[in-house]
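**Q** Dropping a structure here in structure tokens format, bear with me for questions.
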Amino acid sequence: MTSSALDLPPSVRIGPGSGGLTVVRVASSRGSAEVYLHGAQITSWVPAGADPVLWLSAASEFAAGSAIRGGVPICFPWFGPLAGVPSAPKHGFARLVDWTLDDVRADGDDVVLVLVLRDSALTRASAWPHRFEARYTITVGTHLTLSLDVANTGTATFTFEEALHTYLSVGDIGATEVRGLDGAPFADQLRDPQAQPGEAGPVRFTAETDRVYLATAAAATVVDGASARSVTIDKLGSRSTVVWNPWQAKAAAMADFGADEWTQMVCVETCNVKTDAVDLAPGSSHTMSVTLSIDQPLPHQPQNRAT
Ligand code: TA6
């Protein structure tokens with residue numbers, strides 16, 4: 001079904017967005033959102049009466065074949081570089097291709113979008129040639145729920161990785177901490193890809209940080225001290241969480257990171273990666289979902305920075 005054939009609720013409009021890419025704009029009593037068909041990427045979510053929750057680089061590209069820098073990129077069917085295939089795009093092909101808008105509906109005051117990606121000659125020619133159908137359900141309301149369902153439509157078991165690579169907007173990364181991952185083993189991608197024992201206490205940021213937490217179903221909370229707000233990231237069907245901030249030097253080397261934007265964002269990504277990759281038998285499917293909720297404004301608390 002083409003998006004033009006869909007019967008859109010009054011709160012939804014479809015049209016050209018940045019770079020001429022097609023964007024679905026939601027404006028309801030519960031808030032607003034923007035979702036590009038390119039990569040099925042939500043780039044904006046603003047709950048009613050609140051500040052934007054997702055971060056989007058002012059320098060992002062919006063072009064076929066390029067990833068949008070911000071919002072929630074979908075990393076699938078692999079995460080990071082693909083071992084042994086240097087030509088393969090980092091984080092898979094899902095964020096680089098157009099998805100089909102399969103359904104748009106109002107559910108009470110919420111708006112529900114369903115986008116679909118199926119295997120194609122392009123994907124079958126990639127280093128991951130399997131038959132699949134991915135259905136991505138976005139529910140925009142007081143909370144934001146993103147649900148990725150992957151079905152094996154082929155005749156052989158396949159293994160995949162996945163990540164909802166969420167970029168959250170914060171007032172100051174130096175006054176931000178991520179709670180809830182205490183004790184979870186993690187791989188420090190900057191030093192040693194092998195998992196190391198977990199640490200007590202929240203994650204705080206004083207330098208480039210790139211941690212893959214494994215074997216954890218825990219919810220995380222981003223406490224944004226500078227904005228006196230917290231965002232809770234609840235998840236289902238996910239055993240990995242990635243925490244990332246590029247810090248100044250890495251961000252400066254990325255053309256789609258504007259000057260000093262790195263201080264205004266943190267990634268807390270809902271995933272199944274590395275040893276948490278998913279094995280999927282023919283005819284079966286797997287769902288991973290994340291729900292973002294903003295908590296009541298916090299009484300402003302002076303931040304004690306990690307040493
Ligand atoms: O999720 C963290 C990470 O794997 C980092 O290593 C960094 O590369 C980030 O993803 C962004 O990757 P991208 O390909 O979007 O530039």
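Identifiers in the structure tokens: chain A, B, ... in order shown; residue index from 1 per chain; ligand index from 1 in order shown.
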Within 7 Å of Asp295 (chain A), counting only C-alpha atoms, which residues show up once you throw out same-chain ones fewer than 5 positions away? Write them as a list of chain:residue names, please.

**A**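 Result of the neighbour search: A:Arg229, A:Ser230, A:Val231.
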
**Q** Would you mind exporting the chosen residues as a PDB file, in the first residue's frame, restricted to N, CA and C atoms?

**A**
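Result written to again-v4.pdb:
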```pdb
ATOM      1  N   ARG A 229      15.666  17.593  34.039  1.00  0.00           N
ATOM      2  CA  ARG A 229      14.702  16.644  33.463  1.00  0.00           C
ATOM      3  C   ARG A 229      15.345  15.271  33.450  1.00  0.00           C
ATOM      4  N   SER A 230      14.495  14.256  33.537  1.00  0.00           N
ATOM      5  CA  SER A 230      15.040  12.913  33.325  1.00  0.00           C
ATOM      6  C   SER A 230      14.175  12.195  32.297  1.00  0.00           C
ATOM      7  N   VAL A 231      14.822  11.301  31.565  1.00  0.00           N
ATOM      8  CA  VAL A 231      14.138  10.485  30.556  1.00  0.00           C
ATOM      9  C   VAL A 231      14.385   9.028  30.900  1.00  0.00           C
TER      10      VAL A 231
END
```

**Q** Counting only C-alpha atoms and all ligand atoms, name the residues that have an atom within 7 Å of an atom of ligand 1; the answer should be given as a list of chain:residue names.

**A** A:Ala67, A:Arg69, A:Gly80, A:Lys90, A:His91, A:His165, A:Asp210, A:Val242, A:Val243, A:Trp244, A:Glu269

**Q** Using only C-alpha atoms, which of A:Ser44, A:Trp78, A:Glu261, A:Gly70 sits nearest Thr159 (chain A)?

**A** A:Trp78

**Q** Considering only C-alpha atoms, tabulate each residue of region 200-271 of chain A that lies at most 10 Å from region 132-150 of chain A along with its nearest interatomic pair and the corresponding distance in Å to one decimal; arrange the rows by chain and ascending residue number and present them as a tab-separated table.

**A**
```
residue	atom	partner	partner_atom	distance
A:Thr232	CA	A:His143	CA	9.9
A:Ile233	CA	A:Thr145	CA	9.8
A:Asp234	CA	A:Thr145	CA	9.3
A:Lys235	CA	A:Thr145	CA	9.3
A:Leu236	CA	A:Ser147	CA	9.0
A:Gly237	CA	A:Ser147	CA	9.6
```

**Q** Please return as a list in words: the residues of region 154-265 of chain A that backbone DSSP assigns to alpha helix (DSSP H).

**A** Trp247, Gln248, Ala249, Lys250, Ala251 and Ala252 of chain A

**Q** Write out as CSV the residues of region 205-287 of chain A that have any atom within 9 Å of an atom of region 151-154 of chain A, one row each with the nearest atom pair and its distance in Å to one decimal, counting only C-alpha atoms, sorted by chain and then rising number.

**A**
```
residue,atom,partner,partner_atom,distance
A:Leu280,CA,A:Asn152,CA,6.5
A:Ala281,CA,A:Asn152,CA,6.6
A:Pro282,CA,A:Asn152,CA,5.1
A:Gly283,CA,A:Asn152,CA,5.4
A:Ser284,CA,A:Asn152,CA,5.8
A:Ser285,CA,A:Ala151,CA,4.0
A:His286,CA,A:Ala151,CA,6.6
A:Thr287,CA,A:Ala151,CA,8.8
```

**Q** Quick one: everything within 7 Å of Tyr213 (chain A), counting only C-alpha atoms, minus sequence neighbours fewer than 6 positions away in the same chain. Send it as a list of chain:residue names.

**A**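 Listed by chain and then number, they are A:Ala184, A:Pro185, A:Phe186, A:Ala187, A:Ser240, A:Thr241, A:Val242.
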
**Q** With only C-alpha atoms as the basis for distance, which of A:Val290, A:Val266, A:Leu82, A:Ala33 is at the shortest distance from Ser126 (chain A)?

**A**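 Of the candidates, the smallest distance to Ser126 (chain A) is held by A:Leu82.
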
**Q** Find the residues near Leu56 (chain A): any atom within 12 Å, counting only C-alpha atoms, skip ones fewer than 5 places away on the same chain, and give them as a list in words.

**A**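 Surrounding residues, per the criterion: Glu34, Gln41, Ile42, Thr43, Ser44, Trp45, Glu61, Phe62, Ala67, Ile68, Arg69, Gly70, Gly71, Val72, Pro73, Thr166, Tyr167, Leu168, Ser169, Val170, Asp256, Phe257, Gly258, Glu261, Trp262, Gln264, Met265, Val266 and Cys267 of chain A.
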
**Q** Need to verify the contact set: Asp98 (chain A), 6 Å, only C-alpha atoms, exclusion of same-chain residues closer than 3 positions in sequence. Can you return it as a PDB file with C-alpha atoms, in the first residue's frame?

**A**
```pdb
ATOM      1  CA  LEU A  37      10.575   6.968   5.374  1.00  0.00           C
ATOM      2  CA  HIS A  38      14.348   6.966   4.827  1.00  0.00           C
ATOM      3  CA  GLY A  39      15.509   4.455   7.417  1.00  0.00           C
TER       4      GLY A  39
END
```

**Q** Would you pick out the contacts of Val278 (chain A) at 9 Å or less, using only C-alpha atoms, so that residues sharing its chain but fewer than 2 positions from it are not included, and give the list as a ChimeraX atom specification?

**A** /A:158-162,272-273,275-276,280,286

**Q** List as a list of chain:residue names the protein and nucleic acid residues near region 5-20 of chain A, meaning an atom at most 9 Å away when only C-alpha atoms are counted, but skip any in the same chain fewer than 3 places from it.

**A**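 Contacts, with the query itself left out: A:Met1, A:Thr2, A:Val23, A:Val24, A:Arg25, A:Val26, A:Ala27, A:Ser28, A:Ser29, A:Tyr36, A:Glu61, A:Phe62, A:Ala63, A:Leu101, A:Asp102, A:Asp103, A:Val104, A:Arg105, A:Ala106, A:Val111.
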
**Q** Write out as a VMD selection string the set of residues from region 69-245 of chain A that DSSP, computed on the backbone, places in strand (DSSP E).

**A** chain A and resid 74 to 75 100 to 107 110 to 118 132 to 140 144 to 152 158 to 160 162 to 164 167 to 169 176 to 179 186 to 188 192 to 196 203 to 204 209 to 213 220 to 224 229 to 236 240 to 245

**Q** Write the residues of the preceding selection, restricted to C-alpha atoms, as a CSV table (one decimal), in the first residue's frame.

**A**
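Contents of the output file part02.csv:
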```
chain,number,residue,atom,x,y,z
A,74,ILE,CA,17.7,1.6,13.2
A,75,CYS,CA,20.8,-0.5,13.1
A,100,THR,CA,7.2,1.5,3.3
A,101,LEU,CA,4.5,3.2,5.4
A,102,ASP,CA,2.1,0.4,5.9
A,103,ASP,CA,-0.4,1.8,8.4
A,104,VAL,CA,-1.3,5.0,10.1
A,105,ARG,CA,-4.0,5.2,12.7
A,106,ALA,CA,-5.2,7.0,15.7
A,107,ASP,CA,-5.4,5.0,18.9
A,110,ASP,CA,-2.1,8.3,20.4
A,111,VAL,CA,-1.0,8.1,16.8
A,112,VAL,CA,0.4,4.8,15.5
A,113,LEU,CA,2.6,4.4,12.5
A,114,VAL,CA,3.7,1.1,11.0
A,115,LEU,CA,6.6,0.9,8.6
A,116,VAL,CA,7.9,-2.2,6.8
A,117,LEU,CA,11.1,-3.3,5.2
A,118,ARG,CA,11.4,-6.6,3.4
A,132,PHE,CA,13.1,-11.3,6.2
A,133,GLU,CA,10.3,-8.9,7.0
A,134,ALA,CA,10.9,-6.1,9.5
A,135,ARG,CA,7.9,-4.2,10.9
A,136,TYR,CA,8.5,-1.1,12.9
A,137,THR,CA,5.7,0.3,15.0
A,138,ILE,CA,5.9,3.9,16.3
A,139,THR,CA,3.4,5.0,18.9
A,140,VAL,CA,3.4,8.7,19.6
A,144,LEU,CA,7.1,7.3,22.7
A,145,THR,CA,7.1,3.6,22.0
A,146,LEU,CA,9.3,2.1,19.3
A,147,SER,CA,8.8,-1.6,18.5
A,148,LEU,CA,10.9,-3.6,15.9
A,149,ASP,CA,9.6,-7.0,14.9
A,150,VAL,CA,11.8,-9.1,12.7
A,151,ALA,CA,10.4,-12.2,11.0
A,152,ASN,CA,12.4,-14.9,9.3
A,158,PHE,CA,19.7,-16.6,10.5
A,159,THR,CA,21.4,-14.5,13.2
A,160,PHE,CA,21.0,-10.7,13.4
A,162,GLU,CA,19.7,-4.8,16.1
A,163,ALA,CA,19.8,-1.4,17.8
A,164,LEU,CA,17.4,1.4,18.2
A,167,TYR,CA,20.0,10.2,20.5
A,168,LEU,CA,18.7,12.1,23.5
A,169,SER,CA,18.9,15.8,23.9
A,176,THR,CA,24.3,14.3,32.7
A,177,GLU,CA,24.3,10.8,34.2
A,178,VAL,CA,22.8,7.5,33.1
A,179,ARG,CA,21.4,5.4,36.0
A,186,PHE,CA,30.1,-4.0,29.6
A,187,ALA,CA,32.6,-3.9,26.7
A,188,ASP,CA,34.5,-0.6,26.5
A,192,ASP,CA,39.0,-3.6,25.1
A,193,PRO,CA,36.1,-5.2,23.2
A,194,GLN,CA,36.0,-8.0,25.7
A,195,ALA,CA,33.3,-7.6,28.4
A,196,GLN,CA,34.5,-6.5,31.8
A,203,VAL,CA,27.6,6.5,34.1
A,204,ARG,CA,29.0,10.0,34.0
A,209,THR,CA,32.4,7.2,26.1
A,210,ASP,CA,31.4,4.1,24.1
A,211,ARG,CA,30.2,1.2,26.2
A,212,VAL,CA,28.2,-1.9,25.2
A,213,TYR,CA,26.4,-3.3,28.2
A,220,ALA,CA,18.0,3.1,32.1
A,221,THR,CA,17.3,6.7,33.2
A,222,VAL,CA,19.1,9.7,31.8
A,223,VAL,CA,19.3,12.4,34.4
A,224,ASP,CA,19.8,15.7,32.7
A,229,ARG,CA,14.7,16.6,33.5
A,230,SER,CA,15.0,12.9,33.3
A,231,VAL,CA,14.1,10.5,30.6
A,232,THR,CA,13.4,6.9,31.3
A,233,ILE,CA,14.2,4.2,28.8
A,234,ASP,CA,12.2,1.0,29.4
A,235,LYS,CA,12.8,-1.9,27.1
A,236,LEU,CA,11.4,-5.4,26.2
A,240,SER,CA,22.1,-5.0,25.4
A,241,THR,CA,22.3,-1.3,26.0
A,242,VAL,CA,24.9,1.0,24.4
A,243,VAL,CA,25.9,4.3,26.0
A,244,TRP,CA,27.8,6.7,23.7
A,245,ASN,CA,29.0,10.3,23.5
```
